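S.K.: My file is work.cif. It has mmCIF, C-alpha atoms:
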```cif
data_my_file
#
loop_
_atom_site.label_atom_id
_atom_site.label_comp_id
_atom_site.auth_asym_id
_atom_site.auth_seq_id
_atom_site.Cartn_x
_atom_site.Cartn_y
_atom_site.Cartn_z
CA MET A 5 -12.35 48.19 2.11
CA ALA A 6 -9.01 48.28 3.85
CA SER A 7 -7.11 49.28 0.75
CA ARG A 8 -7.81 52.66 -0.78
CA ALA A 9 -6.52 54.45 -3.83
CA ALA A 10 -5.05 57.33 -1.88
CA SER A 11 -3.16 55.08 0.55
CA SER A 12 -1.91 52.95 -2.33
CA LEU A 13 -0.45 56.03 -4.01
CA SER A 14 1.18 56.99 -0.73
CA ARG A 15 2.78 53.55 -0.54
CA LEU A 16 4.16 54.01 -4.03
CA SER A 17 5.80 57.32 -3.20
CA LEU A 18 7.04 56.07 0.19
CA ARG A 19 8.52 52.99 -1.42
CA SER A 20 10.46 55.04 -3.95
CA THR A 21 11.81 57.46 -1.36
CA SER A 22 12.62 54.86 1.28
CA SER A 23 14.65 52.75 -1.15
CA SER A 24 17.24 55.50 -1.40
CA SER A 25 17.88 55.44 2.36
CA SER A 26 18.04 51.67 2.91
CA PRO A 27 20.79 50.19 5.15
CA ALA A 28 22.73 48.98 2.11
CA SER A 29 22.94 52.45 0.56
CA THR A 30 23.64 54.13 3.89
CA SER A 31 26.61 51.87 4.55
CA LEU A 32 28.21 53.03 1.28
CA LEU A 33 28.79 56.44 2.84
CA HIS A 34 31.56 54.97 4.99
CA LEU A 35 33.43 53.28 2.12
CA PRO A 36 36.38 54.75 0.15
CA GLN A 37 35.51 56.34 -3.20
CA SER A 38 36.98 53.44 -5.22
CA ALA A 39 35.05 50.90 -3.18
CA LYS A 40 31.88 52.91 -3.71
CA LEU A 41 32.32 52.85 -7.49
CA SER A 42 33.12 49.12 -7.50
CA THR A 43 30.14 48.25 -5.30
CA SER A 44 27.81 50.44 -7.34
CA THR A 45 28.93 48.94 -10.66
CA SER A 46 28.64 45.41 -9.29
CA SER A 47 25.12 46.04 -7.97
CA LYS A 48 23.97 47.47 -11.28
CA LEU A 49 25.35 44.46 -13.18
CA ILE A 50 23.65 42.01 -10.83
CA SER A 51 20.34 43.84 -11.13
CA ARG A 52 20.58 44.07 -14.90
CA ASN A 53 21.41 40.35 -15.24
CA ALA A 54 18.51 39.44 -12.98
CA LEU A 55 16.10 41.48 -15.06
CA ALA A 56 17.36 39.97 -18.30
CA SER A 57 17.29 36.34 -17.17
CA THR A 58 14.21 36.08 -14.93
CA PRO A 59 10.80 36.33 -16.63
CA LEU A 60 8.81 35.88 -13.42
CA ALA A 61 8.62 37.90 -10.22
CA ARG A 62 11.71 37.83 -8.02
CA VAL A 63 9.57 38.26 -4.91
CA SER A 64 8.60 35.04 -3.16
CA ARG A 65 4.86 34.42 -2.97
CA ALA A 66 2.56 31.73 -1.71
CA ALA A 67 0.92 29.40 -4.18
CA PRO A 68 -2.27 30.75 -5.81
CA LYS A 69 -5.07 30.26 -3.30
CA TYR A 70 -7.98 29.55 -5.61
CA LEU A 71 -6.36 27.33 -8.21
CA VAL A 72 -6.32 23.55 -7.94
CA GLY A 73 -4.58 21.89 -10.84
CA GLN A 74 -5.44 23.34 -14.25
CA GLY A 75 -8.31 25.78 -13.99
CA GLN A 76 -10.31 23.86 -11.36
CA ARG A 77 -11.43 26.15 -8.54
CA ALA A 78 -11.37 25.29 -4.87
CA ALA A 79 -14.70 27.03 -4.36
CA SER A 80 -16.46 24.49 -6.58
CA SER A 81 -18.57 21.70 -5.18
CA GLU A 82 -18.66 18.21 -6.66
CA GLN A 83 -21.49 19.34 -8.92
CA GLY A 84 -19.42 22.27 -10.20
CA GLY A 85 -21.24 25.12 -8.45
CA GLY A 86 -19.96 27.13 -5.52
CA THR A 87 -19.31 30.65 -4.34
CA MET A 88 -16.92 33.31 -5.55
CA THR A 89 -16.16 36.86 -4.51
CA VAL A 90 -16.30 39.68 -7.03
CA ARG A 91 -12.52 39.99 -6.73
CA GLU A 92 -12.01 36.30 -7.54
CA ALA A 93 -14.45 36.49 -10.45
CA LEU A 94 -12.57 39.36 -12.09
CA ASN A 95 -9.28 37.54 -11.51
CA ALA A 96 -10.67 34.33 -13.01
CA ALA A 97 -11.99 36.16 -16.08
CA MET A 98 -8.59 37.69 -16.85
CA GLU A 99 -6.74 34.44 -16.21
CA GLU A 100 -9.04 32.43 -18.45
CA GLU A 101 -8.79 34.94 -21.28
CA MET A 102 -4.99 35.15 -20.96
CA LEU A 103 -4.79 31.37 -21.20
CA ARG A 104 -7.15 31.38 -24.18
CA ASP A 105 -5.50 34.23 -26.13
CA GLU A 106 -1.81 35.10 -25.88
CA THR A 107 -2.46 38.64 -27.16
CA VAL A 108 -4.25 39.51 -23.89
CA PHE A 109 -2.08 41.31 -21.36
CA ILE A 110 -2.56 43.51 -18.28
CA LEU A 111 -0.99 46.84 -17.41
CA GLY A 112 -1.52 49.45 -14.72
CA GLU A 113 -0.26 50.75 -11.41
CA GLU A 114 0.74 47.99 -8.94
CA VAL A 115 -0.96 45.25 -10.98
CA ALA A 116 2.12 42.98 -10.95
CA ARG A 117 4.40 42.85 -7.91
CA TYR A 118 1.82 44.22 -5.47
CA ASN A 119 -0.90 41.93 -6.93
CA GLY A 120 -3.11 44.95 -7.64
CA ALA A 121 -4.15 47.80 -5.36
CA TYR A 122 -7.28 45.76 -4.53
CA LYS A 123 -5.67 42.33 -5.15
CA VAL A 124 -7.77 41.78 -8.27
CA THR A 125 -4.70 40.69 -10.28
CA LYS A 126 -3.34 38.46 -7.50
CA GLY A 127 -1.11 35.65 -8.77
CA LEU A 128 -1.25 36.62 -12.44
CA LEU A 129 2.35 37.87 -12.53
CA ASP A 130 3.59 34.53 -11.19
CA LYS A 131 1.58 32.66 -13.80
CA PHE A 132 2.15 34.78 -16.91
CA GLY A 133 5.36 36.71 -16.26
CA GLU A 134 6.42 40.33 -16.63
CA ASP A 135 5.79 40.47 -20.39
CA ARG A 136 2.04 40.08 -19.86
CA VAL A 137 1.45 41.61 -16.42
CA ILE A 138 3.13 45.00 -16.43
CA ASP A 139 3.58 47.54 -13.65
CA THR A 140 3.44 51.13 -14.90
CA PRO A 141 4.51 54.47 -13.45
CA ILE A 142 1.87 56.77 -11.97
CA THR A 143 0.97 58.30 -15.31
CA GLU A 144 -2.54 57.46 -16.46
CA ALA A 145 -2.29 59.38 -19.74
CA GLY A 146 0.89 57.49 -20.56
CA PHE A 147 -0.14 53.90 -19.90
CA ALA A 148 -3.69 54.43 -21.23
CA GLY A 149 -2.08 55.67 -24.47
CA ILE A 150 0.17 52.60 -24.52
CA ALA A 151 -2.91 50.40 -24.08
CA VAL A 152 -4.77 52.07 -26.95
CA GLY A 153 -1.71 51.88 -29.19
CA ALA A 154 -1.23 48.20 -28.39
CA ALA A 155 -4.91 47.53 -29.20
CA LEU A 156 -4.59 49.34 -32.54
CA ALA A 157 -1.54 47.17 -33.27
CA GLY A 158 -3.49 43.95 -32.72
CA LEU A 159 -3.08 43.13 -29.03
CA ARG A 160 -5.85 42.97 -26.40
CA PRO A 161 -4.75 45.02 -23.39
CA VAL A 162 -6.61 45.14 -20.07
CA CYS A 163 -5.75 48.54 -18.60
CA GLU A 164 -6.43 48.92 -14.87
CA PHE A 165 -7.01 52.31 -13.28
CA MET A 166 -6.51 52.37 -9.52
CA THR A 167 -9.76 54.30 -9.54
CA TRP A 168 -11.78 55.75 -12.40
CA ASN A 169 -11.30 59.16 -10.81
CA PHE A 170 -7.64 58.94 -11.87
CA ALA A 171 -8.72 58.11 -15.42
CA MET A 172 -9.59 61.79 -15.78
CA GLN A 173 -5.90 62.18 -16.60
CA ALA A 174 -6.40 59.84 -19.57
CA ILE A 175 -9.85 60.82 -20.83
CA ASP A 176 -8.49 61.97 -24.21
CA GLN A 177 -6.90 58.54 -24.76
CA ILE A 178 -10.14 56.77 -23.79
CA VAL A 179 -12.68 58.97 -25.57
CA ASN A 180 -10.77 60.17 -28.63
CA SER A 181 -7.93 57.77 -29.41
CA GLY A 182 -9.77 54.69 -28.15
CA GLY A 183 -13.42 55.50 -28.73
CA LYS A 184 -13.30 56.96 -32.23
CA THR A 185 -10.57 55.19 -34.22
CA TYR A 186 -12.63 52.12 -35.17
CA TYR A 187 -15.33 54.38 -36.64
CA MET A 188 -12.95 56.87 -38.25
CA SER A 189 -11.06 54.05 -39.97
CA GLY A 190 -14.25 52.86 -41.64
CA GLY A 191 -14.23 49.70 -39.53
CA ASN A 192 -10.73 48.72 -40.68
CA VAL A 193 -8.85 49.33 -37.41
CA PRO A 194 -10.56 47.82 -34.35
CA CYS A 195 -9.50 48.94 -30.88
CA PRO A 196 -10.04 45.94 -28.55
CA VAL A 197 -8.92 47.58 -25.29
CA VAL A 198 -10.54 47.13 -21.87
CA PHE A 199 -10.32 49.88 -19.27
CA ARG A 200 -11.32 48.63 -15.81
CA GLY A 201 -11.19 49.67 -12.16
CA PRO A 202 -13.32 50.77 -9.20
CA ASN A 203 -15.95 53.41 -9.89
CA GLY A 204 -18.20 55.52 -7.69
CA ALA A 205 -18.06 56.09 -3.95
CA ALA A 206 -16.17 53.85 -1.55
CA ALA A 207 -15.80 54.87 2.11
CA GLY A 208 -14.08 57.96 3.41
CA VAL A 209 -12.34 58.91 0.17
CA ALA A 210 -14.03 62.31 -0.21
CA ALA A 211 -15.06 64.35 -3.22
CA GLN A 212 -12.22 63.70 -5.66
CA HIS A 213 -12.28 59.90 -5.32
CA SER A 214 -16.03 59.22 -5.17
CA GLN A 215 -17.44 60.08 -8.58
CA ASP A 216 -19.59 57.76 -10.70
CA TYR A 217 -18.53 57.88 -14.35
CA CYS A 218 -21.28 55.72 -15.89
CA ALA A 219 -23.07 58.73 -17.38
CA TRP A 220 -19.77 60.32 -18.49
CA TYR A 221 -18.59 57.41 -20.62
CA GLY A 222 -22.09 56.19 -21.39
CA SER A 223 -22.68 59.36 -23.44
CA VAL A 224 -19.79 58.65 -25.84
CA PRO A 225 -20.52 56.89 -29.18
CA GLY A 226 -17.78 54.35 -29.87
CA LEU A 227 -17.40 53.19 -26.28
CA LYS A 228 -19.16 50.30 -24.61
CA VAL A 229 -19.75 50.69 -20.86
CA VAL A 230 -20.67 48.00 -18.32
CA SER A 231 -21.40 48.32 -14.60
CA PRO A 232 -21.42 44.81 -13.08
CA TRP A 233 -22.90 43.89 -9.70
CA SER A 234 -22.44 40.20 -8.87
CA ALA A 235 -19.52 37.80 -9.29
CA SER A 236 -21.35 36.30 -12.27
CA ASP A 237 -21.75 39.75 -13.84
CA CYS A 238 -18.08 40.55 -13.37
CA LYS A 239 -16.80 37.28 -14.81
CA GLY A 240 -19.14 37.11 -17.79
CA LEU A 241 -19.02 40.78 -18.72
CA LEU A 242 -15.23 41.14 -18.37
CA LYS A 243 -14.64 38.11 -20.58
CA SER A 244 -17.02 39.53 -23.20
CA ALA A 245 -15.30 42.92 -22.94
CA ILE A 246 -11.87 41.39 -23.57
CA ARG A 247 -13.17 39.63 -26.69
CA ASP A 248 -15.00 42.70 -28.04
CA PRO A 249 -13.40 44.63 -30.94
CA ASN A 250 -14.50 47.94 -29.38
CA PRO A 251 -13.04 49.75 -26.36
CA VAL A 252 -15.00 48.73 -23.26
CA CYS A 253 -15.10 50.58 -19.93
CA VAL A 254 -15.71 48.18 -17.02
CA LEU A 255 -16.84 50.24 -14.03
CA GLU A 256 -16.63 48.13 -10.89
CA ASN A 257 -17.28 49.04 -7.25
CA GLU A 258 -14.61 48.92 -4.56
CA LEU A 259 -17.05 48.00 -1.80
CA MET A 260 -18.22 44.94 -3.76
CA TYR A 261 -14.80 43.33 -4.26
CA GLY A 262 -14.97 41.20 -1.12
CA VAL A 263 -18.65 40.23 -1.43
CA SER A 264 -19.33 36.54 -2.18
CA PHE A 265 -22.03 35.33 -4.58
CA PRO A 266 -23.28 31.84 -5.48
CA MET A 267 -22.06 30.62 -8.86
CA THR A 268 -23.57 27.89 -11.00
CA LYS A 269 -21.54 25.26 -12.82
CA GLU A 270 -22.09 27.15 -16.08
CA GLU A 271 -20.93 30.45 -14.56
CA MET A 272 -17.79 28.79 -13.19
CA SER A 273 -16.86 27.37 -16.60
CA ASP A 274 -14.22 28.86 -18.88
CA ASP A 275 -16.77 29.39 -21.67
CA PHE A 276 -19.22 31.51 -19.65
CA LEU A 277 -20.00 34.88 -21.26
CA ILE A 278 -22.64 37.56 -20.64
CA PRO A 279 -23.53 39.56 -23.75
CA ILE A 280 -22.89 43.29 -23.40
CA GLY A 281 -26.15 45.21 -23.69
CA LYS A 282 -28.42 42.76 -21.87
CA ALA A 283 -30.02 43.53 -18.47
CA LYS A 284 -31.15 40.87 -16.00
CA VAL A 285 -34.33 40.63 -13.92
CA GLU A 286 -32.93 39.77 -10.47
CA LYS A 287 -36.33 39.61 -8.77
CA GLU A 288 -39.72 39.35 -10.43
CA GLY A 289 -42.65 41.44 -9.24
CA THR A 290 -45.96 42.98 -10.32
CA ASP A 291 -46.27 46.33 -8.49
CA VAL A 292 -43.30 48.50 -9.48
CA THR A 293 -40.20 48.24 -11.69
CA VAL A 294 -36.92 49.17 -9.97
CA VAL A 295 -33.88 49.60 -12.25
CA ALA A 296 -30.43 49.73 -10.63
CA HIS A 297 -26.80 48.97 -11.41
CA SER A 298 -23.63 48.13 -9.49
CA LYS A 299 -23.88 48.32 -5.67
CA MET A 300 -27.36 49.86 -5.83
CA VAL A 301 -28.72 46.47 -6.96
CA THR A 302 -27.96 45.19 -3.45
CA HIS A 303 -29.95 47.99 -1.82
CA ALA A 304 -32.80 47.66 -4.33
CA LEU A 305 -33.13 43.93 -3.63
CA GLU A 306 -33.01 44.49 0.13
CA ALA A 307 -35.70 47.17 -0.13
CA ALA A 308 -37.84 44.91 -2.32
CA GLU A 309 -37.62 42.04 0.17
CA LYS A 310 -38.45 44.38 3.05
CA LEU A 311 -41.52 45.79 1.29
CA GLU A 312 -42.78 42.35 0.29
CA GLN A 313 -42.54 41.07 3.86
CA GLU A 314 -43.96 44.16 5.56
CA GLU A 315 -46.35 45.67 3.00
CA GLY A 316 -47.06 42.95 0.47
CA ILE A 317 -45.55 45.13 -2.28
CA LYS A 318 -43.94 43.04 -5.01
CA ALA A 319 -41.18 45.02 -6.72
CA GLU A 320 -39.48 43.80 -9.87
CA VAL A 321 -35.74 44.54 -9.65
CA ILE A 322 -33.74 44.87 -12.87
CA ASN A 323 -29.94 44.71 -12.77
CA LEU A 324 -28.96 46.98 -15.64
CA ARG A 325 -25.43 45.50 -16.06
CA SER A 326 -24.80 47.39 -19.32
CA ILE A 327 -24.90 51.19 -19.51
CA ARG A 328 -24.04 51.49 -23.19
CA PRO A 329 -25.70 49.88 -25.05
CA LEU A 330 -28.74 50.28 -22.81
CA ASP A 331 -31.25 47.42 -22.67
CA ILE A 332 -34.37 49.57 -22.79
CA GLU A 333 -36.45 46.64 -24.10
CA THR A 334 -36.23 44.72 -20.81
CA ILE A 335 -37.26 47.85 -18.89
CA VAL A 336 -40.21 48.53 -21.21
CA SER A 337 -41.42 44.94 -20.90
CA SER A 338 -41.35 45.22 -17.12
CA ILE A 339 -43.22 48.53 -17.10
CA LYS A 340 -46.01 47.03 -19.19
CA LYS A 341 -46.48 44.54 -16.36
CA THR A 342 -46.03 46.79 -13.28
CA ASN A 343 -47.15 50.23 -14.62
CA HIS A 344 -44.55 51.98 -12.43
CA LEU A 345 -40.86 52.87 -12.77
CA VAL A 346 -38.21 53.97 -10.24
CA THR A 347 -34.47 54.08 -11.06
CA VAL A 348 -31.69 53.87 -8.47
CA GLU A 349 -28.06 54.96 -8.90
CA GLY A 350 -25.15 56.26 -6.86
CA GLY A 351 -24.23 59.03 -9.29
CA PHE A 352 -25.25 62.66 -9.38
CA PRO A 353 -28.87 63.42 -10.36
CA ALA A 354 -28.17 65.83 -13.23
CA PHE A 355 -27.79 64.20 -16.67
CA GLY A 356 -27.42 60.76 -15.10
CA VAL A 357 -28.20 57.18 -16.09
CA GLY A 358 -31.64 57.43 -14.49
CA SER A 359 -32.36 60.58 -16.46
CA GLU A 360 -31.59 58.79 -19.72
CA ILE A 361 -33.76 55.80 -18.80
CA LEU A 362 -36.71 58.05 -17.91
CA ALA A 363 -36.28 60.01 -21.15
CA GLN A 364 -36.25 56.88 -23.31
CA VAL A 365 -39.25 55.40 -21.48
CA CYS A 366 -41.26 58.60 -21.90
CA GLU A 367 -40.41 58.58 -25.61
CA SER A 368 -41.48 54.94 -26.01
CA PRO A 369 -44.86 53.14 -26.04
CA ALA A 370 -44.20 52.25 -22.37
CA PHE A 371 -45.25 55.80 -21.41
CA ASP A 372 -48.90 54.92 -22.01
CA TYR A 373 -48.63 52.10 -19.45
CA LEU A 374 -47.41 54.30 -16.57
CA ASP A 375 -49.89 54.96 -13.76
CA ALA A 376 -47.62 57.54 -12.10
CA PRO A 377 -44.70 59.75 -13.16
CA PRO A 378 -41.44 57.77 -13.15
CA GLU A 379 -38.96 58.70 -10.41
CA ARG A 380 -35.20 58.73 -9.85
CA ILE A 381 -33.30 57.91 -6.66
CA THR A 382 -29.74 59.24 -6.94
CA GLY A 383 -26.78 60.48 -5.00
CA ALA A 384 -26.95 63.99 -3.59
CA ASP A 385 -26.19 66.90 -5.93
CA VAL A 386 -23.05 67.91 -4.00
CA PRO A 387 -19.37 66.95 -4.08
CA THR A 388 -19.12 63.86 -1.86
CA PRO A 389 -18.48 64.91 1.76
CA TYR A 390 -15.57 63.44 3.72
CA ALA A 391 -17.30 63.57 7.11
CA LEU A 392 -18.90 60.20 7.85
CA THR A 393 -22.17 61.72 9.06
CA LEU A 394 -22.58 63.66 5.81
CA GLU A 395 -21.25 60.92 3.54
CA SER A 396 -23.93 58.51 4.77
CA LEU A 397 -26.58 61.03 3.69
CA ALA A 398 -25.07 61.55 0.24
CA PHE A 399 -25.99 58.17 -1.29
CA PRO A 400 -29.13 56.02 -1.45
CA ASP A 401 -29.46 53.16 1.02
CA THR A 402 -32.02 50.43 1.66
CA PRO A 403 -34.36 52.42 3.97
CA LEU A 404 -34.45 55.38 1.57
CA ILE A 405 -35.30 53.19 -1.43
CA ALA A 406 -38.06 51.44 0.53
CA LYS A 407 -39.47 54.80 1.64
CA VAL A 408 -39.53 56.19 -1.91
CA LEU A 409 -41.15 53.05 -3.33
CA LYS A 410 -43.93 53.20 -0.72
CA ARG A 411 -44.53 56.86 -1.46
CA HIS A 412 -44.49 56.23 -5.20
CA LEU A 413 -47.24 53.63 -4.80
CA TYR A 414 -49.27 55.92 -2.53
CA ARG A 415 -48.83 53.57 0.44
CA GLN A 416 -47.48 56.28 2.77
#
```
Take the structure in the file and give it back as structure tokens.
M.R.:
Amino acid sequence: MASRAASSLSRLSLRSTSSSSSPASTSLLHLPQSAKLSTSTSSKLISRNALASTPLARVSRAAPKYLVGQGQRAASSEQGGGTMTVREALNAAMEEEMLRDETVFILGEEVARYNGAYKVTKGLLDKFGEDRVIDTPITEAGFAGIAVGAALAGLRPVCEFMTWNFAMQAIDQIVNSGGKTYYMSGGNVPCPVVFRGPNGAAAGVAAQHSQDYCAWYGSVPGLKVVSPWSASDCKGLLKSAIRDPNPVCVLENELMYGVSFPMTKEEMSDDFLIPIGKAKVEKEGTDVTVVAHSKMVTHALEAAEKLEQEEGIKAEVINLRSIRPLDIETIVSSIKKTNHLVTVEGGFPAFGVGSEILAQVCESPAFDYLDAPPERITGADVPTPYALTLESLAFPDTPLIAKVLKRHLYRQ
């Protein structure tokens, strides 16, 4: 991806510093003191009046690219199906829910005037105004706390983190204030807040910006956690998350934002929802069950197709979609058919999502159906390297998954 969290933060700081040395402010240095005061007062009044009287952005923008009339999408065919990128799907989900429910609003860094660091919120400021699409300072603890407080007061905020790595600054707001209030109030005070943003490794963003937080938030009672893969996943799960009375963490992937997926007429509709807690069998098979989530679903499917063409191995690929609650029933049903289990994830191996799946399977009746010990394919147990040659070795890819599946089935 061309846009990265670190560069976006740099733009923010550069923008704030460069504004103080613009030609207009520099020219004031050559004016008499009285003229300076008059010009300064006049500028402040103009700015204040503009803020008070203009509800929409004061920056000219092109018309929304993907909207034709009221809610009809240019990507649709005459039959209603079409294609949509992950970015467009997330944007459509938020727009549809904001049109449906006036208590839904968006806040985060650069979500309004800049159209989002990854352009996920593109056009929403122009459509809904500054009261419902709100730019925040670079203070995750602050605006995450505002989001939780707004949810407790009856609104439905969608809080965007430029990356989930930055949400570390706000983990108390997410886990304690957000995740526990509904329970501690005896079910009297719901907290319908959505926290969303890119999760896991991207490209060249090094150790502090490459962590996968599925296992972190998935271990917390009171939170719901989803990790979507396709455009359909993103649209259906985000809409369900916005409507849910519990705090929901939506962990996306930066490298998937620009990827296009086919969408059915039903998936393109305003009423399309995917229930949180339900996995999906992306490819049926009889030889081995492969469970993956987020970007790893792509590699798992590619490996499965490769093995079927070259070795005749038919892998069943399950797109987990939901981390908490975990759909262990779908996994167990698949194991009873294939008698083998391999999990794939981009996170660290210790205490990860794959570890939890293996533990639950071994504690369930599915254990008796296994013909071999279940295996995990994970990211390397090191802070993510910055060097490209090392970074490429730190995460699973298609050839590695295919190699492990062949070995697991004693074909190598």
S.K.: For the file shown, what are the residues hit by the PyMOL selection byres ((chain A and resi 395-405) around 8), laid out as a ChimeraX atom specification?
M.R.: /A:208,300,303-304,306-307,348-350,381-384,386,388-394,406-409
S.K.: Could you build a table of the residues in segment 322-348 of chain A lying no more than 7 Å from segment 266-281 of chain A, giving for each the nearest pair of atoms and their separation in Å rounded to one decimal place, using all atoms listed in the file, ordered by chain and ascending residue number, as CSV?
M.R.:
```
residue,atom,partner,partner_atom,distance
A:Ser326,CA,A:Gly281,CA,5.1
A:Arg328,CA,A:Gly281,CA,6.6
A:Pro329,CA,A:Gly281,CA,4.9
A:Leu330,CA,A:Gly281,CA,5.8
A:Asp331,CA,A:Gly281,CA,5.7
```
S.K.: When the PyMOL selection byres ((chain A and resi 197-205) around 9) is applied to the file above, which residues end up in the set, as a short mmCIF file (atom, residue, chain, number, x, y, z; two decimals) with C-alpha atoms, in the frame of the given file?
M.R.:
```cif
data_model
loop_
_atom_site.label_atom_id
_atom_site.label_comp_id
_atom_site.auth_asym_id
_atom_site.auth_seq_id
_atom_site.Cartn_x
_atom_site.Cartn_y
_atom_site.Cartn_z
CA ALA A 148 -3.69 54.43 -21.23
CA ALA A 151 -2.91 50.40 -24.08
CA VAL A 152 -4.77 52.07 -26.95
CA ALA A 154 -1.23 48.20 -28.39
CA ALA A 155 -4.91 47.53 -29.20
CA LEU A 156 -4.59 49.34 -32.54
CA LEU A 159 -3.08 43.13 -29.03
CA ARG A 160 -5.85 42.97 -26.40
CA PRO A 161 -4.75 45.02 -23.39
CA VAL A 162 -6.61 45.14 -20.07
CA CYS A 163 -5.75 48.54 -18.60
CA GLU A 164 -6.43 48.92 -14.87
CA PHE A 165 -7.01 52.31 -13.28
CA MET A 166 -6.51 52.37 -9.52
CA THR A 167 -9.76 54.30 -9.54
CA TRP A 168 -11.78 55.75 -12.40
CA ASN A 169 -11.30 59.16 -10.81
CA ILE A 178 -10.14 56.77 -23.79
CA GLY A 182 -9.77 54.69 -28.15
CA CYS A 195 -9.50 48.94 -30.88
CA PRO A 196 -10.04 45.94 -28.55
CA ALA A 206 -16.17 53.85 -1.55
CA ALA A 207 -15.80 54.87 2.11
CA GLY A 208 -14.08 57.96 3.41
CA VAL A 209 -12.34 58.91 0.17
CA ALA A 210 -14.03 62.31 -0.21
CA ALA A 211 -15.06 64.35 -3.22
CA HIS A 213 -12.28 59.90 -5.32
CA SER A 214 -16.03 59.22 -5.17
CA GLN A 215 -17.44 60.08 -8.58
CA ASP A 216 -19.59 57.76 -10.70
CA TYR A 217 -18.53 57.88 -14.35
CA CYS A 218 -21.28 55.72 -15.89
CA SER A 231 -21.40 48.32 -14.60
CA LEU A 242 -15.23 41.14 -18.37
CA ALA A 245 -15.30 42.92 -22.94
CA ILE A 246 -11.87 41.39 -23.57
CA ASP A 248 -15.00 42.70 -28.04
CA PRO A 249 -13.40 44.63 -30.94
CA ASN A 250 -14.50 47.94 -29.38
CA PRO A 251 -13.04 49.75 -26.36
CA VAL A 252 -15.00 48.73 -23.26
CA CYS A 253 -15.10 50.58 -19.93
CA VAL A 254 -15.71 48.18 -17.02
CA LEU A 255 -16.84 50.24 -14.03
CA GLU A 256 -16.63 48.13 -10.89
CA ASN A 257 -17.28 49.04 -7.25
CA GLU A 258 -14.61 48.92 -4.56
CA LEU A 259 -17.05 48.00 -1.80
CA GLY A 350 -25.15 56.26 -6.86
CA GLY A 351 -24.23 59.03 -9.29
CA THR A 388 -19.12 63.86 -1.86
CA PHE A 399 -25.99 58.17 -1.29
#
```
S.K.: Using all atoms listed in the file, which of A:Val193, A:Ile175, A:Ile332, A:Ile317 sits nearest Ala363 of chain A?
M.R.: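 That would be A:Ile332, the residue with the smallest distance to Ala363 of chain A.
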S.K.: Apply the PyMOL selection byres ((chain A and resi 321) around 7) to the structure shown and report the selected residues as a list in words.
M.R.: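 Selected by the PyMOL selection byres ((chain A and resi 321) around 7) in this file: Val285, Glu286, Lys287, Glu288, Thr293, Val294, Val295, Ala304, Leu305, Ala319, Glu320, Ile322 and Asn323 of chain A.
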S.K.: With distances taken over only C-alpha atoms, which residue among A:Glu144, A:Glu113, A:Glu379, A:Asp135 lies nearest Val346 of chain A?
M.R.: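 Looking at the shortest contact to Val346 of chain A, the residue is A:Glu379.
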S.K.: Can you work out the spacing between atom CA of Lys282 of chain A and atom CA of Ser189 of chain A in Å, to one decimal?
M.R.: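 These two atoms are separated by 27.5 Å.
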S.K.: Within 12 Å of Ser264 of chain A, counting only C-alpha atoms, which residues show up once you throw out same-chain ones fewer than 6 positions away? Write them as a ChimeraX atom specification, please.
M.R.: /A:79,86-93,233-236,238
S.K.: For the selection you just gave me, I'd like the residues written to a file as a short mmCIF file (atom, residue, chain, number, x, y, z; two decimals), keeping the file's coordinate frame, keeping C-alpha atoms.
M.R.:
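Resulting contents of part_2.cif:
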```
data_model
loop_
_atom_site.label_atom_id
_atom_site.label_comp_id
_atom_site.auth_asym_id
_atom_site.auth_seq_id
_atom_site.Cartn_x
_atom_site.Cartn_y
_atom_site.Cartn_z
CA ALA A 79 -14.70 27.03 -4.36
CA GLY A 86 -19.96 27.13 -5.52
CA THR A 87 -19.31 30.65 -4.34
CA MET A 88 -16.92 33.31 -5.55
CA THR A 89 -16.16 36.86 -4.51
CA VAL A 90 -16.30 39.68 -7.03
CA ARG A 91 -12.52 39.99 -6.73
CA GLU A 92 -12.01 36.30 -7.54
CA ALA A 93 -14.45 36.49 -10.45
CA TRP A 233 -22.90 43.89 -9.70
CA SER A 234 -22.44 40.20 -8.87
CA ALA A 235 -19.52 37.80 -9.29
CA SER A 236 -21.35 36.30 -12.27
CA CYS A 238 -18.08 40.55 -13.37
#
```
S.K.: To one decimal place, how far is atom CA of Thr334 of chain A from atom CA of Val224 of chain A in Å?
M.R.: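 Between atom CA of Thr334 of chain A and atom CA of Val224 of chain A the gap is 22.1 Å.
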S.K.: Could you check how far atom CA of Asn192 of chain A sits from atom CA of Gly226 of chain A, in Å to one decimal?
M.R.: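 These two atoms are separated by 14.1 Å.
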S.K.: Which residue gives the smallest distance to Trp220 of chain A among A:Ala145, A:Ile327, A:Cys366, A:Val108, with all atoms listed in the file counted?
M.R.: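 Nearest candidate to Trp220 of chain A out of A:Ala145, A:Ile327, A:Cys366, A:Val108: A:Ile327.
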S.K.: Mind listing as a list in words all residues within 9 Å of (-45.0, 45.7, -17.1), counting all atoms listed in the file?
M.R.: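 Residues found, by chain and rising number: Thr290, Asp291, Val292, Thr293, Ile335, Val336, Ser337, Ser338, Ile339, Lys340, Lys341, Thr342, Asn343, His344, Ala370, Tyr373 and Leu374 of chain A.
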S.K.: Calculated over all atoms listed in the file, which of the candidates A:Pro387, A:Asp237, A:Tyr414, A:Leu311 has the smallest distance to Gln212 of chain A?
M.R.: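 Ranked by minimum distance to Gln212 of chain A, first place goes to A:Pro387.
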